[in-house]
2 protein chains.
Amino acid sequence: MNLNLEDIARLSGVSRSTVSRVINNHPNVREATKEKVMRVIREQNFHPNPVARMLATQRAQIIGIVVSQTATTFFNDTSSYFPTIIQGIADTTNERNYGTLLWLNNGSDSENEENFYRRIIHNRLMDGVIVISGSSSRILVDHLAETNIPFVCIERPHGVADRTTYVSINNVEGAKQAIRHLVSLGRRRIGVVMGPPENTDATDRLAGYYEAMQEAGLEVDPAWVFVGQFTTETGLQGARALLSQRVDAIFAGSDQIAIGLLQAFHEEGVRVPEDVAIVGFDDLPSAVEVTPQLTTVHHPIREKGAVATRLLLEQIEGRSVEPQHIFLPTHLVIRQSCGAARVQNSVQAQVQEV
Amino acid sequence: MNLNLEDIARLSGVSRSTVSRVINNHPNVREATKEKVMRVIREQNFHPNPVARMLATQRAQIIGIVVSQTATTFFNDTSSYFPTIIQGIADTTNERNYGTLLWLNNGSDSENEENFYRRIIHNRLMDGVIVISGSSSRILVDHLAETNIPFVCIERPHGVADRTTYVSINNVEGAKQAIRHLVSLGRRRIGVVMGPPENTDATDRLAGYYEAMQEAGLEVDPAWVFVGQFTTETGLQGARALLSQRVDAIFAGSDQIAIGLLQAFHEEGVRVPEDVAIVGFDDLPSAVEVTPQLTTVHHPIREKGAVATRLLLEQIEGRSVEPQHIFLPTHLVIRQSCGAARVQNSVQAQVQEV
DNA sequence: ACGCTTTTTGGGAGCGCTCCCAAAATCTAC
DNA sequence: GTAGATTTTGGGAGCGCTCCCAAAAAGCGT
């Protein structure tokens, strides 16, 4: 039922090779021939079989997106971190006519995980792979590094980092921007609630916190540092832990955490930003949906995906070989939760009236 | 560098065909031969080239997931509708060793859209396709129906519905559950803020609202019905529109809308549930993160993805031909926003103390 | 019109598998 | 040991394309 090159060749009175040349618009085809063939192709609504082409060229025009187990939790919460990265990837792949094969590991046992990685590595359908949250899928990254499948990580991976191309953001600087801002507003007892140490974003942001505190000449009491996950749950716990330390500001390692802080403080009757100022990280869509709106470090998530894809395609198409390490810039978005903005948020306004 | 069947054959002293039989564990291979070949395969860490296999078998073990343009907006908000469906799909594809090709259209102009659909239809890499939000990608569904690529829609599509297999939920019944509950709590002036009429979930939920109101013998004032998008923005607008109608309850077409209502009422000083009771739809993760927690109709999103995939694979593997229409059941989750729960939410507790 | 260069075209081989058929090996029973 | 049935194995053809090389056609200058 489906036609092939040979059929089109017969119908247009030329050879298979000429049809192939027309399709791949090879320069050396006479204009008249080209048009003749093109007409037949259009008439028959012919589309060359990509599988055959793959087999012949050893290229698939497909990249893989791997979302590792841990990271999968992101899908369940209200952060849209992952989907946003994927959108960024799609921005580039659509533009360049690549397909994307999505690998989501949501099994739980590690036997499955091993099998999951095998499937990825041996699936020769992909010209390259983007590993999201490289820090949490070290095994895969190591495997990938052994083969010569081009790949790039999103977020700085552990271990193989310098031999690997990755795209991250300037977490250290972002954290410093946040802390400096709090300091400039007169806060001194600045605590931090951070994500897990396996996550390089978390470690980098924490490093930025320490650096900025030191630069400001502020000593950090270890009890001001609460480490958990990048979740609202951790925010709730962190709020309780830090409240007893009488901190006057908290740097939340992510907006998810910040939202947890906000919830806890709301319940405890602690006023934000009056009693405790909060600065988040990520600038998620929900940062403006909470009360008070979050002051937060903008994280160019979608761009990360797009840039990673561009780098990967360069690698695939052989235009680049050297491992690259990209850190996209961040910037602070000042809203209400830090207390810098004039605007009073409506909760207080209301409570004061009562 | 990569070995092929012939190499393995040579190394194990048998023929290509025998190796192929071993790999596909065809019954007629002597045990001894089988083991010999297996050993070589393991030693060489050989994996057959899936592309060649595809070309020979005309089967790819890959399905496509199409997320159409309009739906893409879901990615940007805090609803995790889409990612959750995709997880459901992955649950099934991982189990069955299928790969998934993700098609995300985030371009804007319609020329792109046409091209996007072409790419999908002519990409012969997919044994079948899952169209998410079929109602919004009618063109694609029509195209797909013309070819004989197996496909399944998530949500009831427009037009071709009865010739098409789709998986949806019982929107009508879900809406009725919500309304009945509000009626049982003594509410009479029940308004509704609903998503767009192009969306069949929206139309079905609205139909359920009308039916339930009629069953309860309550007349619906047309001014109580506000139609927009499935977004918080629409919630904000809807709240303002319905407030002047002095409704005592609102059925929100989605939790996103409900969150918008909550925000607006919070700002206006309208108490929920005392002044206005709210019931949402979807039971998103954020339903428990807002104050008061949302009473809402549970929507088995992930299951929808999993079921759709199972149906698709049956179709692909030829075990089913008749179009099927599945409506997964919903149930009401009672929390705080309807006023049925004893627990007072903390905002009021606080305000009352002041 | 003719030789020479350049462009255009056709066909073979190959990508790495599966599937079919026929040949070889093995088994069975006498 | 042998005929006949059955199991196991090997090799050819084919899936639909690309790529290379050689042959054919066209262009060009005299």
# chains A, B, ... in the order shown; residues from 1 in each chain; ligands from 1
>>> interface_residues(of="chain A", to="chain C", cutoff="12 Å", atoms="only C-alpha atoms (C1' of nucleotides)", output="VMD selection string")
chain A and resid 9 13 to 21 26 to 34 51 to 59
>>> calpha_fit_and_write(fixed="chain B", moving="chain A", output="compact mmCIF listing (two decimals) with C-alpha atoms, in the first residue's frame")
# COMPACT_ATOMS: atom_id res chain seq x y z
CA MET A 1 32.70 -1.06 15.59
CA ASN A 2 29.22 -2.39 16.26
CA LEU A 3 28.70 -6.05 15.73
CA ASN A 4 25.83 -7.52 13.80
CA LEU A 5 24.04 -10.82 13.66
CA GLU A 6 26.47 -12.20 11.15
CA ASP A 7 29.41 -11.50 13.43
CA ILE A 8 27.79 -13.26 16.31
CA ALA A 9 26.95 -16.14 14.01
CA ARG A 10 30.57 -16.48 12.95
CA LEU A 11 31.85 -16.24 16.50
CA SER A 12 29.51 -18.93 17.70
CA GLY A 13 29.80 -21.18 14.67
CA VAL A 14 26.19 -21.06 13.60
CA SER A 15 24.21 -19.13 11.03
CA ARG A 16 22.71 -15.68 11.15
CA SER A 17 19.25 -17.23 11.24
CA THR A 18 20.00 -19.29 14.28
CA VAL A 19 21.29 -16.28 16.12
CA SER A 20 18.15 -14.42 15.17
CA ARG A 21 16.08 -17.27 16.51
CA VAL A 22 17.97 -17.29 19.76
CA ILE A 23 17.47 -13.59 20.20
CA ASN A 24 13.77 -13.76 19.54
CA ASN A 25 13.63 -16.93 21.54
CA HIS A 26 12.02 -18.97 18.90
CA PRO A 27 11.17 -22.42 20.27
CA ASN A 28 12.96 -24.57 17.69
CA VAL A 29 16.54 -24.13 18.76
CA ARG A 30 18.45 -26.86 20.44
CA GLU A 31 19.29 -26.03 24.02
CA ALA A 32 23.03 -26.50 23.53
CA THR A 33 23.10 -24.21 20.50
CA LYS A 34 21.07 -21.64 22.29
CA GLU A 35 23.45 -21.50 25.21
CA LYS A 36 26.48 -21.34 22.99
CA VAL A 37 25.05 -18.38 21.12
CA MET A 38 23.86 -16.70 24.27
CA ARG A 39 27.34 -16.86 25.71
CA VAL A 40 28.83 -15.14 22.72
CA ILE A 41 26.11 -12.51 22.82
CA ARG A 42 26.81 -11.79 26.42
CA GLU A 43 30.57 -11.80 25.95
CA GLN A 44 30.34 -9.34 23.12
CA ASN A 45 27.61 -7.35 24.81
CA PHE A 46 25.70 -7.56 21.60
CA HIS A 47 22.40 -5.79 21.07
CA PRO A 48 20.53 -6.16 17.82
CA ASN A 49 19.99 -3.01 15.87
CA PRO A 50 16.42 -1.92 16.43
CA VAL A 51 16.31 0.10 13.24
CA ALA A 52 17.09 -2.89 11.08
CA ARG A 53 14.56 -4.87 12.98
CA MET A 54 11.98 -2.18 12.42
CA LEU A 55 12.62 -2.14 8.75
CA ALA A 56 12.23 -5.87 8.53
CA THR A 57 9.22 -6.22 10.76
CA GLN A 58 7.48 -2.96 9.98
CA ARG A 59 6.97 -2.51 13.69
CA ALA A 60 8.72 0.02 15.84
CA GLN A 61 7.69 -0.69 19.41
CA ILE A 62 7.18 3.01 19.73
CA ILE A 63 4.09 5.04 20.29
CA GLY A 64 3.67 8.76 19.88
CA ILE A 65 2.24 11.19 22.39
CA VAL A 66 0.80 14.28 20.83
CA VAL A 67 0.20 17.33 22.94
CA SER A 68 -1.55 19.89 20.86
CA GLN A 69 -1.01 23.58 20.88
CA THR A 70 -3.79 24.75 23.11
CA ALA A 71 -3.09 22.10 25.59
CA THR A 72 0.47 23.21 25.83
CA THR A 73 -0.61 26.07 28.01
CA PHE A 74 -1.11 23.53 30.71
CA PHE A 75 2.59 23.21 30.97
CA ASN A 76 2.97 26.76 32.06
CA ASP A 77 0.60 26.74 34.88
CA THR A 78 0.73 24.98 38.13
CA SER A 79 -1.67 22.27 37.13
CA SER A 80 0.26 19.12 36.45
CA TYR A 81 -2.46 17.65 34.29
CA PHE A 82 -0.31 16.90 31.33
CA PRO A 83 2.80 15.61 32.96
CA THR A 84 0.59 13.36 35.03
CA ILE A 85 -1.05 11.87 31.96
CA ILE A 86 2.37 11.32 30.48
CA GLN A 87 3.43 9.53 33.60
CA GLY A 88 0.44 7.28 33.25
CA ILE A 89 1.45 6.53 29.71
CA ALA A 90 4.98 5.79 30.80
CA ASP A 91 3.67 3.40 33.44
CA THR A 92 2.32 1.23 30.68
CA THR A 93 4.98 1.72 28.03
CA ASN A 94 7.79 0.95 30.45
CA GLU A 95 6.04 -2.21 31.50
CA ARG A 96 5.56 -3.30 27.92
CA ASN A 97 8.90 -2.15 26.61
CA TYR A 98 7.62 0.44 24.24
CA GLY A 99 9.31 3.75 23.62
CA THR A 100 7.45 7.03 23.43
CA LEU A 101 8.00 9.77 20.95
CA LEU A 102 6.84 13.08 22.35
CA TRP A 103 5.28 15.67 20.05
CA LEU A 104 4.86 19.04 21.67
CA ASN A 105 3.62 21.82 19.53
CA ASN A 106 4.55 25.10 21.01
CA GLY A 107 4.76 27.14 17.89
CA SER A 108 2.05 29.68 17.39
CA ASP A 109 1.25 30.22 13.75
CA SER A 110 -1.05 27.79 12.04
CA GLU A 111 1.36 27.10 9.20
CA ASN A 112 3.54 25.53 11.81
CA GLU A 113 0.62 23.60 13.12
CA GLU A 114 -0.10 22.10 9.73
CA ASN A 115 3.55 21.19 9.39
CA PHE A 116 3.56 19.76 12.88
CA TYR A 117 0.73 17.41 12.00
CA ARG A 118 2.40 16.37 8.78
CA ARG A 119 5.51 15.42 10.63
CA ILE A 120 3.50 13.28 12.95
CA ILE A 121 1.47 11.54 10.32
CA HIS A 122 4.36 10.75 8.04
CA ASN A 123 6.75 9.73 10.70
CA ARG A 124 6.45 6.00 10.25
CA LEU A 125 8.35 5.37 13.42
CA MET A 126 5.26 5.06 15.50
CA ASP A 127 3.03 2.03 15.76
CA GLY A 128 0.31 4.19 17.21
CA VAL A 129 -0.47 7.55 18.69
CA ILE A 130 -2.07 8.93 21.83
CA VAL A 131 -3.64 12.30 21.31
CA ILE A 132 -4.01 14.23 24.50
CA SER A 133 -6.82 16.69 24.57
CA GLY A 134 -8.33 15.33 21.41
CA SER A 135 -11.00 17.94 21.46
CA SER A 136 -8.53 20.67 20.68
CA SER A 137 -6.71 18.93 17.87
CA ARG A 138 -9.50 17.97 15.63
CA ILE A 139 -7.48 18.41 12.46
CA LEU A 140 -4.98 15.88 13.63
CA VAL A 141 -7.63 13.45 14.72
CA ASP A 142 -9.28 13.70 11.33
CA HIS A 143 -5.99 13.13 9.54
CA LEU A 144 -5.20 10.20 11.76
CA ALA A 145 -8.60 8.68 11.14
CA GLU A 146 -7.94 8.76 7.39
CA THR A 147 -4.70 6.84 7.60
CA ASN A 148 -4.82 3.60 9.44
CA ILE A 149 -2.43 4.41 12.19
CA PRO A 150 -3.95 3.16 15.42
CA PHE A 151 -4.67 5.97 17.82
CA VAL A 152 -6.61 6.75 20.93
CA CYS A 153 -7.69 10.08 22.31
CA ILE A 154 -7.58 11.22 25.85
CA GLU A 155 -10.74 13.17 26.53
CA ARG A 156 -13.72 12.76 24.29
CA PRO A 157 -12.90 14.22 20.88
CA HIS A 158 -15.27 16.23 18.77
CA GLY A 159 -16.77 14.99 15.55
CA VAL A 160 -15.35 11.56 14.86
CA ALA A 161 -16.02 10.45 18.39
CA ASP A 162 -17.90 7.21 17.80
CA ARG A 163 -15.45 5.85 15.24
CA THR A 164 -12.61 6.66 17.59
CA THR A 165 -11.35 5.02 20.72
CA TYR A 166 -11.05 7.43 23.58
CA VAL A 167 -10.54 7.46 27.31
CA SER A 168 -12.23 10.06 29.39
CA ILE A 169 -13.76 10.28 32.80
CA ASN A 170 -17.33 10.48 33.85
CA ASN A 171 -17.51 14.26 33.77
CA VAL A 172 -21.27 14.43 33.85
CA GLU A 173 -21.55 12.21 36.87
CA GLY A 174 -18.62 13.95 38.57
CA ALA A 175 -20.31 17.31 38.20
CA LYS A 176 -23.54 15.88 39.53
CA GLN A 177 -21.75 14.52 42.58
CA ALA A 178 -20.44 17.99 43.26
CA ILE A 179 -23.78 19.71 42.87
CA ARG A 180 -25.67 17.11 44.88
CA HIS A 181 -23.23 17.56 47.68
CA LEU A 182 -23.70 21.34 47.70
CA VAL A 183 -27.45 20.89 47.62
CA SER A 184 -27.28 18.48 50.51
CA LEU A 185 -25.47 21.17 52.50
CA GLY A 186 -28.37 23.51 51.96
CA ARG A 187 -26.95 25.61 49.14
CA ARG A 188 -29.50 26.72 46.59
CA ARG A 189 -28.03 29.54 44.56
CA ILE A 190 -25.29 27.49 43.00
CA GLY A 191 -23.24 29.16 40.30
CA VAL A 192 -20.69 27.64 37.99
CA VAL A 193 -17.42 28.83 36.47
CA MET A 194 -16.47 26.59 33.57
CA GLY A 195 -13.76 26.07 30.98
CA PRO A 196 -14.18 26.69 27.27
CA PRO A 197 -16.92 25.08 25.20
CA GLU A 198 -14.39 23.67 22.71
CA ASN A 199 -13.31 21.41 25.49
CA THR A 200 -15.55 18.39 25.88
CA ASP A 201 -14.64 18.01 29.54
CA ALA A 202 -16.02 21.48 30.04
CA THR A 203 -19.22 20.87 28.13
CA ASP A 204 -19.81 17.57 29.88
CA ARG A 205 -19.24 19.03 33.30
CA LEU A 206 -21.57 21.85 32.51
CA ALA A 207 -24.18 19.40 31.33
CA GLY A 208 -23.83 17.56 34.63
CA TYR A 209 -24.36 20.81 36.50
CA TYR A 210 -27.61 21.52 34.67
CA GLU A 211 -28.86 17.99 35.12
CA ALA A 212 -28.15 17.94 38.82
CA MET A 213 -29.75 21.33 39.34
CA GLN A 214 -32.83 20.17 37.55
CA GLU A 215 -32.95 16.96 39.55
CA ALA A 216 -32.80 19.05 42.71
CA GLY A 217 -35.62 21.20 41.43
CA LEU A 218 -33.42 24.29 41.39
CA GLU A 219 -33.76 26.79 38.61
CA VAL A 220 -30.52 28.09 37.11
CA ASP A 221 -30.26 31.79 36.51
CA PRO A 222 -28.16 32.22 33.33
CA ALA A 223 -26.18 34.89 35.12
CA TRP A 224 -24.86 32.22 37.45
CA VAL A 225 -22.98 30.57 34.64
CA PHE A 226 -19.59 32.02 33.82
CA VAL A 227 -17.59 30.45 31.01
CA GLY A 228 -13.91 31.10 30.38
CA GLN A 229 -10.76 28.99 30.35
CA PHE A 230 -9.63 26.33 32.76
CA THR A 231 -7.32 28.84 34.47
CA THR A 232 -6.94 30.74 37.72
CA GLU A 233 -7.41 33.90 35.67
CA THR A 234 -10.91 32.77 34.75
CA GLY A 235 -11.46 31.98 38.40
CA LEU A 236 -10.64 35.55 39.35
CA GLN A 237 -13.00 36.92 36.74
CA GLY A 238 -15.71 34.42 37.51
CA ALA A 239 -15.59 35.27 41.20
CA ARG A 240 -16.30 38.89 40.46
CA ALA A 241 -19.05 38.09 38.02
CA LEU A 242 -20.86 35.70 40.33
CA LEU A 243 -20.42 37.67 43.51
CA SER A 244 -22.92 40.28 42.34
CA GLN A 245 -25.39 37.47 41.78
CA ARG A 246 -25.24 36.60 45.45
CA VAL A 247 -24.65 32.92 44.81
CA ASP A 248 -24.11 30.84 47.94
CA ALA A 249 -21.98 28.22 46.22
CA ILE A 250 -19.87 27.83 43.14
CA PHE A 251 -19.01 24.74 41.22
CA ALA A 252 -15.61 25.38 39.67
CA GLY A 253 -14.99 23.54 36.42
CA SER A 254 -11.43 22.79 37.50
CA ASP A 255 -9.21 23.19 40.53
CA GLN A 256 -7.30 25.85 38.68
CA ILE A 257 -10.49 27.86 38.44
CA ALA A 258 -11.28 27.13 42.07
CA ILE A 259 -7.89 28.48 43.11
CA GLY A 260 -8.65 31.67 41.23
CA LEU A 261 -11.99 31.91 43.01
CA LEU A 262 -10.30 31.43 46.34
CA GLN A 263 -7.79 34.15 45.61
CA ALA A 264 -10.45 36.61 44.54
CA PHE A 265 -12.67 35.91 47.51
CA HIS A 266 -9.74 36.19 49.83
CA GLU A 267 -9.01 39.63 48.50
CA GLU A 268 -12.63 40.68 48.61
CA GLY A 269 -13.00 39.48 52.16
CA VAL A 270 -15.60 36.91 51.20
CA ARG A 271 -15.42 33.92 53.49
CA VAL A 272 -15.15 30.45 52.03
CA PRO A 273 -17.07 28.30 52.81
CA GLU A 274 -19.28 30.44 55.12
CA ASP A 275 -20.37 32.99 52.52
CA VAL A 276 -19.74 30.95 49.43
CA ALA A 277 -19.02 27.24 49.29
CA ILE A 278 -16.73 26.02 46.55
CA VAL A 279 -16.29 22.63 44.95
CA GLY A 280 -13.57 22.14 42.40
CA PHE A 281 -12.83 19.45 39.86
CA ASP A 282 -9.64 17.43 39.27
CA ASP A 283 -8.19 16.99 42.74
CA LEU A 284 -4.80 18.35 41.73
CA PRO A 285 -1.93 18.21 44.18
CA SER A 286 -2.44 21.91 44.83
CA ALA A 287 -5.98 21.29 46.09
CA VAL A 288 -4.52 20.54 49.50
CA GLU A 289 -2.00 23.33 49.38
CA VAL A 290 -4.51 26.13 49.34
CA THR A 291 -6.51 27.57 52.20
CA PRO A 292 -9.14 26.39 52.71
CA GLN A 293 -8.35 23.02 51.23
CA LEU A 294 -10.51 22.27 48.24
CA THR A 295 -13.43 19.95 48.18
CA THR A 296 -13.17 18.60 44.68
CA VAL A 297 -14.09 15.83 42.29
CA HIS A 298 -11.25 13.39 41.97
CA HIS A 299 -10.05 12.95 38.42
CA PRO A 300 -7.93 9.84 37.83
CA ILE A 301 -5.51 11.58 35.49
CA ARG A 302 -2.63 9.18 35.62
CA GLU A 303 -4.96 6.22 35.17
CA LYS A 304 -6.38 7.87 32.09
CA GLY A 305 -2.94 7.83 30.54
CA ALA A 306 -2.29 4.26 31.54
CA VAL A 307 -5.62 2.99 30.29
CA ALA A 308 -5.34 4.85 27.00
CA THR A 309 -1.96 3.29 26.44
CA ARG A 310 -3.22 -0.16 27.20
CA LEU A 311 -6.03 0.27 24.69
CA LEU A 312 -3.62 1.57 22.11
CA LEU A 313 -1.28 -1.36 22.51
CA GLU A 314 -4.18 -3.75 22.15
CA GLN A 315 -5.11 -2.06 18.96
CA ILE A 316 -1.53 -2.18 17.71
CA GLU A 317 -1.05 -5.75 18.61
CA GLY A 318 -4.26 -6.57 16.81
CA ARG A 319 -6.18 -7.81 19.78
CA SER A 320 -8.89 -5.26 19.46
CA VAL A 321 -10.55 -3.52 16.58
CA GLU A 322 -13.82 -2.04 17.74
CA PRO A 323 -13.62 1.59 18.86
CA GLN A 324 -14.02 1.80 22.59
CA HIS A 325 -15.23 4.62 24.77
CA ILE A 326 -14.05 4.49 28.31
CA PHE A 327 -15.26 6.75 31.07
CA LEU A 328 -13.31 6.28 34.24
CA PRO A 329 -15.21 6.89 37.44
CA THR A 330 -14.80 9.99 39.58
CA HIS A 331 -15.57 10.55 43.22
CA LEU A 332 -16.00 13.53 45.44
CA VAL A 333 -13.25 14.34 47.91
CA ILE A 334 -14.65 16.34 50.77
CA ARG A 335 -12.30 18.84 52.34
CA GLN A 336 -12.88 22.33 53.67
CA SER A 337 -14.07 24.60 50.89
CA CYS A 338 -17.59 23.20 50.81
CA GLY A 339 -18.23 23.70 54.48
CA ALA A 340 -19.09 20.11 55.24
CA ALA A 341 -16.00 19.30 57.24
CA ARG A 342 -15.96 20.11 60.94
CA VAL A 343 -12.40 21.38 60.87
CA GLN A 344 -12.18 25.11 60.67
CA ASN A 345 -9.39 26.25 58.47
CA SER A 346 -6.67 28.29 60.02
CA VAL A 347 -7.31 31.61 58.26
CA GLN A 348 -10.62 32.04 59.98
CA ALA A 349 -9.34 30.79 63.24
CA GLN A 350 -6.72 33.43 63.07
CA VAL A 351 -8.92 36.25 61.91
CA GLN A 352 -11.38 35.49 64.66
CA GLU A 353 -8.73 35.73 67.31
CA VAL A 354 -7.54 39.16 66.20
>>> interface_residues(of="chain D", to="chain B", cutoff="12 Å", atoms="only C-alpha atoms (C1' of nucleotides)", output="mmCIF file with N, CA and C atoms (P, O5', C5', C4', C3', O3' and C1' of nucleotides), in the first residue's frame")
data_model
loop_
_atom_site.group_PDB
_atom_site.id
_atom_site.type_symbol
_atom_site.label_atom_id
_atom_site.label_comp_id
_atom_site.auth_asym_id
_atom_site.auth_seq_id
_atom_site.Cartn_x
_atom_site.Cartn_y
_atom_site.Cartn_z
ATOM 1 P P DT D 6 5.808 -36.364 11.506
ATOM 2 O "O5'" DT D 6 7.110 -35.720 12.154
ATOM 3 C "C5'" DT D 6 7.741 -36.371 13.263
ATOM 4 C "C4'" DT D 6 8.980 -35.577 13.613
ATOM 5 C "C3'" DT D 6 8.740 -34.068 13.740
ATOM 6 O "O3'" DT D 6 9.147 -33.671 15.034
ATOM 7 C "C1'" DT D 6 10.683 -34.522 12.471
ATOM 8 P P DT D 7 8.880 -32.179 15.569
ATOM 9 O "O5'" DT D 7 10.367 -31.661 15.750
ATOM 10 C "C5'" DT D 7 11.314 -32.497 16.421
ATOM 11 C "C4'" DT D 7 12.687 -32.042 16.052
ATOM 12 C "C3'" DT D 7 12.979 -30.571 16.348
ATOM 13 O "O3'" DT D 7 14.116 -30.545 17.173
ATOM 14 C "C1'" DT D 7 13.708 -31.148 14.176
ATOM 15 P P DT D 8 14.639 -29.154 17.793
ATOM 16 O "O5'" DT D 8 15.717 -28.729 16.720
ATOM 17 C "C5'" DT D 8 16.920 -29.496 16.605
ATOM 18 C "C4'" DT D 8 17.729 -28.951 15.459
ATOM 19 C "C3'" DT D 8 18.126 -27.481 15.586
ATOM 20 O "O3'" DT D 8 19.543 -27.472 15.650
ATOM 21 C "C1'" DT D 8 17.394 -28.000 13.386
ATOM 22 P P DT D 9 20.339 -26.136 15.742
ATOM 23 O "O5'" DT D 9 20.574 -25.814 14.203
ATOM 24 C "C5'" DT D 9 21.523 -26.609 13.474
ATOM 25 C "C4'" DT D 9 21.567 -26.114 12.040
ATOM 26 C "C3'" DT D 9 22.028 -24.672 11.872
ATOM 27 O "O3'" DT D 9 23.299 -24.715 11.241
ATOM 28 C "C1'" DT D 9 20.174 -25.193 10.461
ATOM 29 P P DG D 10 24.117 -23.388 10.979
ATOM 30 O "O5'" DG D 10 23.704 -23.117 9.456
ATOM 31 C "C5'" DG D 10 23.946 -24.132 8.489
ATOM 32 C "C4'" DG D 10 23.632 -23.610 7.095
ATOM 33 C "C3'" DG D 10 24.175 -22.224 6.777
ATOM 34 O "O3'" DG D 10 24.735 -22.306 5.465
ATOM 35 C "C1'" DG D 10 21.820 -22.249 6.464
ATOM 36 P P DG D 11 25.549 -21.114 4.847
ATOM 37 O "O5'" DG D 11 24.495 -20.520 3.812
ATOM 38 C "C5'" DG D 11 23.890 -21.395 2.871
ATOM 39 C "C4'" DG D 11 22.880 -20.629 2.040
ATOM 40 C "C3'" DG D 11 23.322 -19.226 1.629
ATOM 41 O "O3'" DG D 11 22.822 -19.041 0.312
ATOM 42 C "C1'" DG D 11 21.310 -19.085 2.809
ATOM 43 P P DG D 12 23.341 -17.858 -0.600
ATOM 44 O "O5'" DG D 12 21.959 -17.395 -1.248
ATOM 45 C "C5'" DG D 12 20.977 -18.392 -1.583
ATOM 46 C "C4'" DG D 12 19.636 -17.711 -1.795
ATOM 47 C "C3'" DG D 12 19.724 -16.318 -2.431
ATOM 48 O "O3'" DG D 12 18.639 -16.200 -3.340
ATOM 49 C "C1'" DG D 12 18.681 -16.155 -0.311
ATOM 50 P P DA D 13 18.484 -14.859 -4.213
ATOM 51 O "O5'" DA D 13 17.263 -14.143 -3.486
ATOM 52 C "C5'" DA D 13 16.104 -14.911 -3.131
ATOM 53 C "C4'" DA D 13 15.087 -13.987 -2.490
ATOM 54 C "C3'" DA D 13 15.065 -12.578 -3.077
ATOM 55 O "O3'" DA D 13 13.713 -12.164 -3.090
ATOM 56 C "C1'" DA D 13 15.555 -12.452 -0.781
ATOM 57 P P DG D 14 13.294 -10.795 -3.760
ATOM 58 O "O5'" DG D 14 12.891 -9.932 -2.486
ATOM 59 C "C5'" DG D 14 11.970 -10.459 -1.526
ATOM 60 C "C4'" DG D 14 11.937 -9.535 -0.342
ATOM 61 C "C3'" DG D 14 11.978 -8.048 -0.728
ATOM 62 O "O3'" DG D 14 10.942 -7.371 -0.048
ATOM 63 C "C1'" DG D 14 13.610 -8.518 0.906
ATOM 64 P P DC D 15 10.439 -5.979 -0.627
ATOM 65 O "O5'" DC D 15 10.382 -5.099 0.677
ATOM 66 C "C5'" DC D 15 9.786 -5.541 1.889
ATOM 67 C "C4'" DC D 15 10.393 -4.739 3.007
ATOM 68 C "C3'" DC D 15 10.754 -3.319 2.592
ATOM 69 O "O3'" DC D 15 9.639 -2.467 2.843
ATOM 70 C "C1'" DC D 15 12.467 -4.346 3.953
ATOM 71 P P DG D 16 9.017 -1.582 1.641
ATOM 72 O "O5'" DG D 16 9.998 -0.335 1.582
ATOM 73 C "C5'" DG D 16 10.148 0.472 2.737
ATOM 74 C "C4'" DG D 16 11.380 1.337 2.563
ATOM 75 C "C3'" DG D 16 11.413 2.118 1.245
ATOM 76 O "O3'" DG D 16 11.751 3.448 1.567
ATOM 77 C "C1'" DG D 16 13.439 0.999 1.584
ATOM 78 P P DC D 17 11.699 4.608 0.488
ATOM 79 O "O5'" DC D 17 13.217 5.111 0.466
ATOM 80 C "C5'" DC D 17 13.720 5.984 1.385
ATOM 81 C "C4'" DC D 17 15.090 5.540 1.877
ATOM 82 C "C3'" DC D 17 16.274 6.182 1.179
ATOM 83 O "O3'" DC D 17 16.527 7.435 1.797
ATOM 84 C "C1'" DC D 17 16.686 3.880 1.690
#
>>> select_by_dssp(residues="segment 167-208 of chain B", states="helix (DSSP H, G or I)", output="list in words")
Asn171, Val172, Glu173, Gly174, Ala175, Lys176, Gln177, Ala178, Ile179, Arg180, His181, Leu182, Val183, Ser184, Thr200, Asp201, Ala202, Thr203, Asp204, Arg205, Leu206, Ala207 and Gly208 of chain B
>>> select_by_dssp(residues="segment 40-223 of chain B", states="strand (DSSP E)", output="ChimeraX atom specification")
/B:62-67,99-104,128-132,151-154,165-169,190-194
